[in-house]
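Novice: The structure file upload03.txt (compact mmCIF, C-alpha atoms) is provided below.
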# COMPACT_ATOMS: atom_id res chain seq x y z
CA MET A 1 -68.13 35.14 205.70
CA LYS A 2 -70.03 33.09 203.13
CA ILE A 3 -71.06 34.92 199.97
CA VAL A 4 -74.62 34.47 198.70
CA HIS A 5 -74.72 34.65 194.88
CA VAL A 6 -77.95 36.33 193.75
CA ALA A 7 -79.26 36.76 190.19
CA VAL A 8 -81.00 40.13 189.88
CA ALA A 9 -83.18 41.38 187.02
CA VAL A 10 -83.69 44.97 185.93
CA ILE A 11 -86.81 44.39 183.84
CA GLU A 12 -87.50 47.29 181.49
CA ARG A 13 -90.71 48.13 179.63
CA ASP A 14 -91.39 51.48 177.95
CA ASP A 15 -88.91 53.39 180.14
CA GLU A 16 -90.32 51.81 183.29
CA ILE A 17 -88.70 49.30 185.65
CA LEU A 18 -90.44 46.51 187.54
CA ILE A 19 -89.84 46.44 191.30
CA ALA A 20 -91.16 44.16 194.03
CA HIS A 21 -91.84 44.63 197.75
CA ARG A 22 -89.99 42.34 200.17
CA PRO A 23 -92.06 40.63 202.89
CA GLU A 24 -91.58 42.07 206.36
CA HIS A 25 -90.25 38.83 207.89
CA VAL A 26 -87.28 38.29 205.53
CA HIS A 27 -83.81 39.85 205.42
CA GLN A 28 -84.14 43.54 204.48
CA GLY A 29 -87.91 43.08 204.78
CA GLY A 30 -90.27 45.94 204.01
CA LEU A 31 -88.01 47.41 201.34
CA TRP A 32 -88.43 47.43 197.58
CA GLU A 33 -86.11 45.37 195.40
CA PHE A 34 -85.37 44.27 191.86
CA PRO A 35 -86.70 40.74 191.25
CA GLY A 36 -84.43 37.71 191.32
CA GLY A 37 -83.10 35.11 193.67
CA LYS A 38 -80.29 32.85 194.81
CA VAL A 39 -78.18 31.02 192.23
CA GLU A 40 -78.25 27.33 193.13
CA SER A 41 -75.13 25.18 193.20
CA GLY A 42 -74.11 24.16 189.68
CA GLU A 43 -76.59 26.58 188.10
CA MET A 44 -75.66 29.19 185.50
CA VAL A 45 -76.70 32.70 186.51
CA GLN A 46 -78.80 33.06 183.34
CA GLN A 47 -80.65 29.85 184.19
CA ALA A 48 -81.24 31.08 187.73
CA LEU A 49 -82.60 34.34 186.36
CA LYS A 50 -85.03 32.53 184.05
CA ARG A 51 -86.17 30.17 186.83
CA GLU A 52 -86.62 32.87 189.46
CA LEU A 53 -88.54 35.27 187.21
CA HIS A 54 -90.88 32.50 186.11
CA GLU A 55 -91.52 31.47 189.72
CA GLU A 56 -91.81 35.01 191.14
CA LEU A 57 -93.48 36.88 188.30
CA GLY A 58 -94.88 34.34 185.86
CA ILE A 59 -92.84 35.62 182.93
CA ASP A 60 -90.48 33.81 180.54
CA ILE A 61 -87.36 35.72 179.54
CA ASP A 62 -85.56 35.42 176.21
CA LEU A 63 -82.06 34.22 177.12
CA GLN A 64 -80.82 34.61 173.54
CA ASN A 65 -81.77 38.20 172.74
CA GLY A 66 -83.59 39.64 175.74
CA ILE A 67 -80.92 39.96 178.43
CA ARG A 68 -77.46 41.44 178.92
CA PRO A 69 -75.15 41.85 181.93
CA LEU A 70 -75.46 45.21 183.69
CA LEU A 71 -73.11 45.05 186.69
CA ARG A 72 -72.02 42.89 189.62
CA ILE A 73 -72.04 44.20 193.19
CA ARG A 74 -70.40 42.67 196.27
CA HIS A 75 -71.97 44.05 199.43
CA ASP A 76 -71.29 43.15 203.05
CA TYR A 77 -74.13 43.37 205.53
CA ALA A 78 -73.69 42.81 209.28
CA ASP A 79 -75.07 39.28 208.98
CA LYS A 80 -74.14 38.22 205.44
CA SER A 81 -72.31 39.08 202.22
CA VAL A 82 -74.09 39.08 198.88
CA LEU A 83 -72.90 39.13 195.28
CA LEU A 84 -75.60 40.69 193.16
CA ASP A 85 -75.26 39.52 189.55
CA VAL A 86 -77.41 42.12 187.81
CA TRP A 87 -78.83 41.64 184.32
CA LYS A 88 -80.95 43.94 182.21
CA VAL A 89 -84.04 42.19 180.84
CA THR A 90 -85.85 43.65 177.85
CA GLY A 91 -87.21 40.52 176.17
CA PHE A 92 -89.85 38.46 177.91
CA SER A 93 -93.32 37.02 177.42
CA GLY A 94 -96.23 36.98 179.80
CA LYS A 95 -97.68 39.56 182.17
CA ALA A 96 -95.63 40.17 185.30
CA SER A 97 -97.49 39.72 188.57
CA GLY A 98 -96.61 38.77 192.15
CA MET A 99 -96.91 34.98 191.95
CA GLU A 100 -95.91 34.64 195.61
CA GLY A 101 -98.30 37.32 196.82
CA GLN A 102 -95.69 40.08 196.80
CA PRO A 103 -96.74 43.55 195.57
CA VAL A 104 -95.07 44.51 192.28
CA LYS A 105 -95.24 47.73 190.27
CA TRP A 106 -93.82 49.42 187.20
CA VAL A 107 -91.95 52.62 188.09
CA GLY A 108 -90.43 55.32 185.87
CA LYS A 109 -86.60 55.17 185.92
CA HIS A 110 -86.19 58.62 187.42
CA LEU A 111 -88.69 57.88 190.19
CA LEU A 112 -86.80 54.90 191.63
CA THR A 113 -84.97 57.14 194.10
CA ASN A 114 -88.34 57.81 195.77
CA TYR A 115 -88.47 54.18 196.98
CA ASP A 116 -86.59 52.55 199.84
CA PHE A 117 -84.21 49.85 198.59
CA PRO A 118 -81.56 47.76 200.36
CA GLU A 119 -78.22 49.58 200.42
CA ALA A 120 -76.71 47.11 197.97
CA ASN A 121 -79.31 48.10 195.36
CA LYS A 122 -78.26 51.77 195.18
CA PRO A 123 -75.61 51.27 192.43
CA ILE A 124 -78.22 49.45 190.37
CA ILE A 125 -80.39 52.58 190.37
CA SER A 126 -77.38 54.60 189.19
CA ALA A 127 -76.80 52.14 186.35
CA ILE A 128 -80.47 52.28 185.33
CA ASN A 129 -80.45 56.06 185.08
CA LEU A 130 -77.09 56.43 183.35
CA PRO A 131 -77.14 56.17 179.54
CA GLN A 132 -74.68 54.35 177.25
CA LYS A 133 -73.23 57.07 174.98
CA TYR A 134 -70.92 59.36 176.96
CA LEU A 135 -69.21 62.31 175.23
CA VAL A 136 -66.10 63.99 176.60
CA THR A 137 -65.69 67.33 174.84
CA GLY A 138 -62.50 67.85 172.85
CA VAL A 139 -60.69 70.90 171.49
CA PHE A 140 -62.63 73.77 169.94
CA ASP A 141 -61.83 77.14 168.37
CA SER A 142 -64.34 79.31 170.23
CA ALA A 143 -67.38 79.14 172.48
CA LYS A 144 -69.55 79.26 169.36
CA ASP A 145 -67.63 76.37 167.81
CA CYS A 146 -67.96 74.35 171.02
CA TYR A 147 -71.71 74.92 171.12
CA ALA A 148 -72.08 73.86 167.47
CA ARG A 149 -70.03 70.71 167.99
CA LEU A 150 -72.06 69.73 171.03
CA GLN A 151 -75.34 70.43 169.26
CA SER A 152 -74.26 68.15 166.42
CA ALA A 153 -73.16 65.42 168.84
CA ILE A 154 -76.58 65.49 170.49
CA THR A 155 -78.83 65.81 167.45
CA GLU A 156 -76.84 63.76 164.92
CA HIS A 157 -75.11 61.16 167.09
CA GLY A 158 -77.51 60.85 170.00
CA VAL A 159 -75.04 61.32 172.85
CA GLU A 160 -76.85 61.09 176.17
CA ILE A 161 -74.34 62.33 178.72
CA VAL A 162 -71.72 65.06 178.27
CA GLN A 163 -68.61 65.89 180.24
CA PHE A 164 -67.45 69.46 179.57
CA ARG A 165 -63.66 69.28 179.78
CA CYS A 166 -61.73 72.47 179.11
CA HIS A 167 -58.98 72.94 181.67
CA LYS A 168 -57.28 75.75 179.74
CA MET A 169 -60.33 78.02 179.70
CA ARG A 170 -61.22 77.17 183.30
CA LEU A 171 -57.77 78.14 184.54
CA GLU A 172 -57.21 81.20 182.33
CA ASP A 173 -60.67 82.78 182.24
CA SER A 174 -63.08 81.38 184.81
CA SER A 175 -65.80 83.86 183.87
CA ALA A 176 -65.77 82.75 180.22
CA TYR A 177 -65.71 79.13 181.34
CA ILE A 178 -68.78 79.59 183.54
CA ASP A 179 -70.68 81.44 180.80
CA SER A 180 -69.86 78.75 178.25
CA ALA A 181 -70.70 75.94 180.67
CA ASN A 182 -74.11 77.43 181.46
CA SER A 183 -74.85 77.82 177.76
CA LEU A 184 -73.92 74.18 177.10
CA ALA A 185 -75.89 73.01 180.13
CA LYS A 186 -79.00 74.74 178.82
CA LEU A 187 -78.55 73.06 175.43
CA CYS A 188 -78.15 69.65 177.05
CA HIS A 189 -81.17 70.05 179.27
CA GLN A 190 -83.32 71.07 176.31
CA HIS A 191 -82.54 67.66 174.85
CA LYS A 192 -82.72 65.78 178.18
CA VAL A 193 -78.98 65.11 178.08
CA ILE A 194 -76.97 64.85 181.31
CA PHE A 195 -74.37 67.64 181.62
CA LEU A 196 -71.31 67.28 183.85
CA LEU A 197 -68.36 69.55 184.60
CA ASN A 198 -64.80 68.29 184.61
CA SER A 199 -63.86 70.68 187.39
CA ALA A 200 -63.67 71.27 191.11
CA PRO A 201 -67.03 70.60 192.83
CA SER A 202 -67.20 74.24 193.97
CA LEU A 203 -68.11 75.31 190.43
CA LEU A 204 -71.50 73.64 190.81
CA SER A 205 -72.60 76.78 192.65
CA HIS A 206 -72.02 78.78 189.45
CA VAL A 207 -73.19 76.36 186.73
CA GLU A 208 -76.52 74.58 186.27
CA ALA A 209 -74.79 71.23 185.81
CA ASP A 210 -76.06 67.79 186.80
CA GLY A 211 -72.82 66.95 188.57
CA VAL A 212 -69.06 66.81 188.25
CA HIS A 213 -66.48 64.43 186.89
CA LEU A 214 -63.15 64.35 188.74
CA THR A 215 -59.76 63.37 187.43
CA PHE A 216 -58.15 60.90 189.78
CA THR A 217 -55.70 63.62 190.85
CA GLU A 218 -58.64 65.88 191.78
CA ALA A 219 -60.40 63.00 193.51
CA LEU A 220 -57.38 62.48 195.78
CA LEU A 221 -58.02 65.92 197.29
CA HIS A 222 -61.24 64.66 198.91
CA LYS A 223 -61.75 62.29 201.83
CA SER A 224 -65.48 61.77 201.27
CA ARG A 225 -68.08 62.38 198.59
CA PRO A 226 -67.69 66.12 197.78
CA ILE A 227 -71.14 66.76 196.30
CA PRO A 228 -74.73 66.01 197.40
CA LEU A 229 -76.38 62.71 196.52
CA ASN A 230 -78.82 64.51 194.21
CA LYS A 231 -75.90 65.42 191.94
CA ILE A 232 -73.91 62.94 189.81
CA LEU A 233 -70.30 62.18 190.73
CA GLY A 234 -67.90 60.52 188.31
CA ILE A 235 -64.21 59.70 188.66
CA SER A 236 -61.50 58.77 186.14
CA CYS A 237 -59.62 55.56 187.02
CA HIS A 238 -56.90 53.57 185.28
CA ASN A 239 -56.18 50.49 187.40
CA GLU A 240 -57.42 48.30 190.23
CA GLU A 241 -55.84 50.39 192.99
CA GLU A 242 -57.58 53.55 191.80
CA LEU A 243 -60.92 51.77 191.56
CA ILE A 244 -60.57 50.56 195.15
CA TRP A 245 -59.68 54.05 196.36
CA ALA A 246 -62.53 55.68 194.42
CA LYS A 247 -65.05 53.53 196.29
CA GLY A 248 -64.49 55.72 199.36
CA LEU A 249 -66.00 58.74 197.59
CA ASN A 250 -69.20 56.85 196.74
CA PRO A 251 -69.23 57.78 193.03
CA ASP A 252 -72.22 57.22 190.78
CA TYR A 253 -69.90 55.86 188.08
CA VAL A 254 -66.27 55.72 187.00
CA ILE A 255 -64.57 55.95 183.63
CA LEU A 256 -61.89 53.29 183.18
CA SER A 257 -59.20 53.90 180.58
CA PRO A 258 -57.52 53.36 178.25
CA VAL A 259 -59.16 50.20 176.98
CA LYS A 260 -57.57 50.43 173.53
CA GLU A 261 -54.83 52.53 171.96
CA THR A 262 -55.81 56.18 171.76
CA LYS A 263 -54.35 59.25 170.07
CA THR A 264 -55.27 61.32 173.13
CA HIS A 265 -52.74 59.43 175.29
CA VAL A 266 -50.34 57.72 172.91
CA ASP A 267 -47.94 56.58 175.67
CA ALA A 268 -50.58 54.90 177.82
CA VAL A 269 -50.59 51.09 177.84
CA PRO A 270 -54.06 49.81 176.87
CA LEU A 271 -55.88 47.64 179.37
CA GLY A 272 -57.53 45.45 176.76
CA TRP A 273 -61.01 44.01 177.10
CA SER A 274 -60.01 41.08 179.32
CA ILE A 275 -58.54 43.29 182.05
CA PHE A 276 -61.34 45.82 181.63
CA GLN A 277 -63.92 43.09 182.22
CA LYS A 278 -62.11 41.88 185.34
CA LEU A 279 -61.88 45.39 186.78
CA ALA A 280 -65.45 46.35 185.86
CA ASP A 281 -66.67 43.12 187.42
CA SER A 282 -65.00 44.04 190.72
CA ALA A 283 -66.28 47.63 190.83
CA PRO A 284 -69.34 48.35 193.01
CA PHE A 285 -70.57 51.03 190.59
CA PRO A 286 -71.20 51.45 186.84
CA VAL A 287 -68.07 51.65 184.68
CA PHE A 288 -67.73 53.37 181.29
CA ALA A 289 -65.03 52.23 178.84
CA LEU A 290 -62.79 54.98 177.43
CA GLY A 291 -59.81 54.93 175.10
CA GLY A 292 -60.04 54.35 171.36
CA MET A 293 -63.80 53.75 171.61
CA THR A 294 -66.09 53.98 168.59
CA LEU A 295 -69.77 53.16 168.29
CA SER A 296 -68.80 49.77 166.84
CA ASP A 297 -67.31 48.89 170.26
CA MET A 298 -70.61 49.36 172.09
CA ASP A 299 -71.88 45.77 171.93
CA GLU A 300 -68.55 44.34 173.07
CA ALA A 301 -68.30 46.91 175.86
CA LEU A 302 -71.77 46.00 177.14
CA SER A 303 -70.95 42.29 177.00
CA MET A 304 -67.84 43.01 179.10
CA GLY A 305 -69.92 44.61 181.84
CA ALA A 306 -69.51 48.25 180.83
CA GLN A 307 -72.26 50.78 181.41
CA GLY A 308 -71.44 52.07 177.93
CA ILE A 309 -68.63 53.77 176.06
CA ALA A 310 -67.08 57.19 176.56
CA ALA A 311 -65.44 58.90 173.62
CA ILE A 312 -64.06 62.18 172.35
CA ARG A 313 -63.11 61.86 168.68
CA GLU A 314 -66.01 59.58 167.74
CA TRP A 315 -68.64 62.26 168.36
CA TRP A 316 -66.64 65.52 168.48
Hey, can you dump this file as C-alpha cells for me?
Specialist:
Amino acid sequence: MKIVHVAVAVIERDDEILIAHRPEHVHQGGLWEFPGGKVESGEMVQQALKRELHEELGIDIDLQNGIRPLLRIRHDYADKSVLLDVWKVTGFSGKASGMEGQPVKWVGKHLLTNYDFPEANKPIISAINLPQKYLVTGVFDSAKDCYARLQSAITEHGVEIVQFRCHKMRLEDSSAYIDSANSLAKLCHQHKVIFLLNSAPSLLSHVEADGVHLTFTEALLHKSRPIPLNKILGISCHNEEELIWAKGLNPDYVILSPVKETKTHVDAVPLGWSIFQKLADSAPFPVFALGGMTLSDMDEALSMGAQGIAAIREWW
C-alpha cells in the first residue's frame, strides 16, 4: 500500500492550538485536523510545511527559529496509509484564517479532546498535552523528605510531570505508600503538574493520580490498555521489540532508555542519540529520553524527536 507523506503543523499561540475543519467530501471529511498537507516529490518536509500553511492559512512560518519536530506517525486506514510528519510551530507572521474557505479556530490544549479528529491524530493530542520536563522520583529518607524534594523540583526546577517510583514502600507498606502518594498528588495538582504512579493500575482506585507508568515487565501482564482513556498511560521501553509490543496497549507515551550512560543502571548499554532518533521516529506515540539526561540535553533531545527528557538525579 502506497504511503502518503503529510507535513502537519501544531501551531501554538498563548497556550492555544489552531485546528481546521475538513470538508465533508474529502477523506476523513467532517472531522477536525491540524493544518498541513502532502509533501510533494523532491520537497523537504519543512518546505512543504511553509508552502501549505501559507496556502491554507495565509501565514509565513519562521523555518530558522519557529519550528521543531514533534513526532512522526504511520497510520494505516482501510483505503490508504499515511505518514504524518508533525512539527510544532511557534514562530510565524500574519493572521491565520481559512484561505480555502475552511473553518479554523484556536482551541485550548486541554480542550482538544472535545473535538472529533481522525484516528491518526490522537497521538498528536497526547504530545501537545504532555510537557517536556519529566521527573522520576529517586531515593528519600522519609515521607517528609520526599515531599520536600518534590516541592523543590517543582518550584525551583519547573518539572511538569512526575512519576512516583517507590517499589520498596509499595511492597512493604501499601498503606503508607497510598498516604504518601495522595499527599504528593495534591502537591502536584496545586502546581498544575501531572502526577503518575509507577505501580499496578489497580492503585488508581486509592490515589488521586493522573495515570500510571508501567515497567515493561508490568506491561507484559496486560493484553490491552489497562486504564481508561481519561487517564494517562506510560510504559518503559528499551529497544525496538519492546516499542512494537507496547503499541498494543495504546499508551499515551513511552520512556526509552538508557540514551546515555547512567549511574542508576551502570551495566546497561547506552542507545546513543542516533539509535534513539531512529526508534522514536518509528514509535506511534510520544517518546521521552531517559538515562544520563540533564537539562543541557533538552535541545538535542527535542531535535532527535523526543517529547522531552526524563531524569532522576538532575532534579532530585
Novice: Please identify all polymer residues within 9 Å of segment 254-262 of chain A, counting all atoms listed in the file, omitting same-chain residues fewer than 5 positions from it, and present them as a ChimeraX atom specification.
Specialist: /A:213,233-239,243,246,267-273,275-276,279-280,283,285-293,309-310
Novice: Closest to Ile19 of chain A among A:Gly58, A:Pro103, A:Pro131, A:Gly308, using only C-alpha atoms?
Specialist: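 Closest to Ile19 of chain A, using only C-alpha atoms: A:Pro103.
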Novice: Write out as a PyMOL selection string which residues come within 12 Å of Gln64 of chain A when counting all atoms listed in the file, dropping same-chain ones fewer than 6 positions away.
Specialist: chain A and resi 46-47+50+89-92
Novice: Any idea what the distance is between atom CA of Ser41 of chain A and atom CA of Ala127 of chain A?
Specialist: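 Rounded to one decimal, the two atoms are 27.9 Å apart.
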Novice: Could you please determine the separation between atom CA of Asn230 of chain A and atom CA of Ser126 of chain A in Å, to one decimal place?
Specialist: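 Answer for the atom CA of Asn230 of chain A to atom CA of Ser126 of chain A separation: 11.2 Å.
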Novice: Could you check which residues have any atom within 10 Å of (-73.1, 31.2, 206.5), counting only C-alpha atoms with coordinates taken straight from the file, and then list them as a list of chain:residue names?
Specialist: A:Met1, A:Lys2, A:Ile3, A:Val4, A:Asp79, A:Lys80, A:Ser81
Novice: Counting only C-alpha atoms, give me one row per residue of segment 204-253 of chain A with an atom at most 7 Å from an atom of segment 159-182 of chain A, showing the shortest contact pair and its distance in Å to one decimal, sorted by chain then residue number, as JSON lines.
Specialist:
{"residue": "A:His206", "atom": "CA", "partner": "A:Ile178", "partner_atom": "CA", "distance": 6.8}
{"residue": "A:Val207", "atom": "CA", "partner": "A:Asn182", "partner_atom": "CA", "distance": 5.5}
{"residue": "A:Glu208", "atom": "CA", "partner": "A:Asn182", "partner_atom": "CA", "distance": 6.1}
Novice: Using all atoms listed in the file for the distances, tell me which of A:Pro226, A:Gly98, A:Pro69, A:Gly138 is nearest to Ala301 of chain A.
Specialist: A:Pro69
Novice: Which residue out of A:Pro201, A:Pro251, A:Gly36, A:Pro23 has the minimum interatomic distance to Gln102 of chain A when only C-alpha atoms are used?
Specialist: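 Among the listed residues, A:Pro23 lies closest to Gln102 of chain A.
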Novice: Using all atoms listed in the file for the distances, tell me which of A:Leu57, A:Gly101, A:Phe34, A:Gln190 is nearest to Asp116 of chain A.
Specialist: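 Smallest distance to Asp116 of chain A is found for A:Phe34.
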Novice: Tell me which protein, DNA and RNA residues are within 12 Å of Met44 of chain A, counting only C-alpha atoms, leaving out same-chain ones fewer than 5 positions away, and put them as a ChimeraX atom specification.
Specialist: /A:5-7,38-39,49-51,63,85
Novice: For Glu241 of chain A, which of A:Phe216, A:Val107, A:Leu71, A:His189 is the closest residue, counting only C-alpha atoms?
Specialist: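 That would be A:Phe216, the residue with the smallest distance to Glu241 of chain A.
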Novice: Given the point (-86.0, 42.0, 201.2) in the coordinates of this file, which residues lie within 12 Å, counting only C-alpha atoms, and how would they look as a ChimeraX atom specification?
Specialist: /A:19-37,102,116-121
Novice: Would you mind completing segment 283-309 of chain A so that it carries N, CA and C atoms, and writing it out as a PDB file, keeping the file's coordinate frame?
Specialist:
ATOM      1  N   ALA A 283     -65.904  46.280 190.394  1.00  0.00           N
ATOM      2  CA  ALA A 283     -66.280  47.630 190.830  1.00  0.00           C
ATOM      3  C   ALA A 283     -67.725  47.667 191.313  1.00  0.00           C
ATOM      4  N   PRO A 284     -67.982  48.277 192.462  1.00  0.00           N
ATOM      5  CA  PRO A 284     -69.340  48.350 193.010  1.00  0.00           C
ATOM      6  C   PRO A 284     -70.128  49.547 192.484  1.00  0.00           C
ATOM      7  N   PHE A 285     -69.892  49.911 191.220  1.00  0.00           N
ATOM      8  CA  PHE A 285     -70.570  51.030 190.590  1.00  0.00           C
ATOM      9  C   PHE A 285     -70.459  50.864 189.073  1.00  0.00           C
ATOM     10  N   PRO A 286     -71.290  51.541 188.303  1.00  0.00           N
ATOM     11  CA  PRO A 286     -71.200  51.450 186.840  1.00  0.00           C
ATOM     12  C   PRO A 286     -69.861  51.955 186.324  1.00  0.00           C
ATOM     13  N   VAL A 287     -69.368  51.316 185.249  1.00  0.00           N
ATOM     14  CA  VAL A 287     -68.070  51.650 184.680  1.00  0.00           C
ATOM     15  C   VAL A 287     -68.214  51.894 183.174  1.00  0.00           C
ATOM     16  N   PHE A 288     -67.771  53.074 182.718  1.00  0.00           N
ATOM     17  CA  PHE A 288     -67.730  53.370 181.290  1.00  0.00           C
ATOM     18  C   PHE A 288     -66.346  53.020 180.746  1.00  0.00           C
ATOM     19  N   ALA A 289     -66.292  52.536 179.509  1.00  0.00           N
ATOM     20  CA  ALA A 289     -65.030  52.230 178.840  1.00  0.00           C
ATOM     21  C   ALA A 289     -64.596  53.423 177.998  1.00  0.00           C
ATOM     22  N   LEU A 290     -63.352  53.845 178.172  1.00  0.00           N
ATOM     23  CA  LEU A 290     -62.790  54.980 177.430  1.00  0.00           C
ATOM     24  C   LEU A 290     -61.433  54.583 176.855  1.00  0.00           C
ATOM     25  N   GLY A 291     -61.114  55.171 175.709  1.00  0.00           N
ATOM     26  CA  GLY A 291     -59.810  54.930 175.100  1.00  0.00           C
ATOM     27  C   GLY A 291     -59.943  54.194 173.786  1.00  0.00           C
ATOM     28  N   GLY A 292     -59.924  54.958 172.671  1.00  0.00           N
ATOM     29  CA  GLY A 292     -60.040  54.350 171.360  1.00  0.00           C
ATOM     30  C   GLY A 292     -61.428  53.834 171.038  1.00  0.00           C
ATOM     31  N   MET A 293     -62.440  54.263 171.795  1.00  0.00           N
ATOM     32  CA  MET A 293     -63.800  53.750 171.610  1.00  0.00           C
ATOM     33  C   MET A 293     -64.487  54.375 170.409  1.00  0.00           C
ATOM     34  N   THR A 294     -65.189  53.540 169.648  1.00  0.00           N
ATOM     35  CA  THR A 294     -66.090  53.980 168.590  1.00  0.00           C
ATOM     36  C   THR A 294     -67.426  53.300 168.822  1.00  0.00           C
ATOM     37  N   LEU A 295     -68.430  53.738 168.106  1.00  0.00           N
ATOM     38  CA  LEU A 295     -69.770  53.160 168.290  1.00  0.00           C
ATOM     39  C   LEU A 295     -69.763  51.658 168.019  1.00  0.00           C
ATOM     40  N   SER A 296     -68.865  51.203 167.152  1.00  0.00           N
ATOM     41  CA  SER A 296     -68.800  49.770 166.840  1.00  0.00           C
ATOM     42  C   SER A 296     -68.322  48.937 168.033  1.00  0.00           C
ATOM     43  N   ASP A 297     -67.761  49.600 169.055  1.00  0.00           N
ATOM     44  CA  ASP A 297     -67.310  48.890 170.260  1.00  0.00           C
ATOM     45  C   ASP A 297     -68.426  48.717 171.290  1.00  0.00           C
ATOM     46  N   MET A 298     -69.575  49.335 171.061  1.00  0.00           N
ATOM     47  CA  MET A 298     -70.610  49.360 172.090  1.00  0.00           C
ATOM     48  C   MET A 298     -71.052  47.960 172.515  1.00  0.00           C
ATOM     49  N   ASP A 299     -71.373  47.100 171.572  1.00  0.00           N
ATOM     50  CA  ASP A 299     -71.880  45.770 171.930  1.00  0.00           C
ATOM     51  C   ASP A 299     -70.855  44.990 172.743  1.00  0.00           C
ATOM     52  N   GLU A 300     -69.583  45.061 172.333  1.00  0.00           N
ATOM     53  CA  GLU A 300     -68.550  44.340 173.070  1.00  0.00           C
ATOM     54  C   GLU A 300     -68.393  44.925 174.473  1.00  0.00           C
ATOM     55  N   ALA A 301     -68.433  46.263 174.555  1.00  0.00           N
ATOM     56  CA  ALA A 301     -68.300  46.910 175.860  1.00  0.00           C
ATOM     57  C   ALA A 301     -69.414  46.455 176.807  1.00  0.00           C
ATOM     58  N   LEU A 302     -70.642  46.429 176.311  1.00  0.00           N
ATOM     59  CA  LEU A 302     -71.770  46.000 177.140  1.00  0.00           C
ATOM     60  C   LEU A 302     -71.613  44.551 177.577  1.00  0.00           C
ATOM     61  N   SER A 303     -71.126  43.712 176.662  1.00  0.00           N
ATOM     62  CA  SER A 303     -70.950  42.290 177.000  1.00  0.00           C
ATOM     63  C   SER A 303     -69.843  42.096 178.022  1.00  0.00           C
ATOM     64  N   MET A 304     -68.937  43.071 178.133  1.00  0.00           N
ATOM     65  CA  MET A 304     -67.840  43.010 179.100  1.00  0.00           C
ATOM     66  C   MET A 304     -68.204  43.669 180.425  1.00  0.00           C
ATOM     67  N   GLY A 305     -69.461  44.040 180.575  1.00  0.00           N
ATOM     68  CA  GLY A 305     -69.920  44.610 181.840  1.00  0.00           C
ATOM     69  C   GLY A 305     -69.834  46.112 181.923  1.00  0.00           C
ATOM     70  N   ALA A 306     -69.567  46.793 180.815  1.00  0.00           N
ATOM     71  CA  ALA A 306     -69.510  48.250 180.830  1.00  0.00           C
ATOM     72  C   ALA A 306     -70.907  48.841 180.863  1.00  0.00           C
ATOM     73  N   GLN A 307     -71.013  50.009 181.462  1.00  0.00           N
ATOM     74  CA  GLN A 307     -72.260  50.780 181.410  1.00  0.00           C
ATOM     75  C   GLN A 307     -72.499  51.258 179.993  1.00  0.00           C
ATOM     76  N   GLY A 308     -71.413  51.581 179.296  1.00  0.00           N
ATOM     77  CA  GLY A 308     -71.440  52.070 177.930  1.00  0.00           C
ATOM     78  C   GLY A 308     -70.050  52.506 177.546  1.00  0.00           C
ATOM     79  N   ILE A 309     -69.937  53.291 176.480  1.00  0.00           N
ATOM     80  CA  ILE A 309     -68.630  53.770 176.060  1.00  0.00           C
ATOM     81  C   ILE A 309     -68.558  55.286 176.202  1.00  0.00           C
TER      82      ILE A 309
END
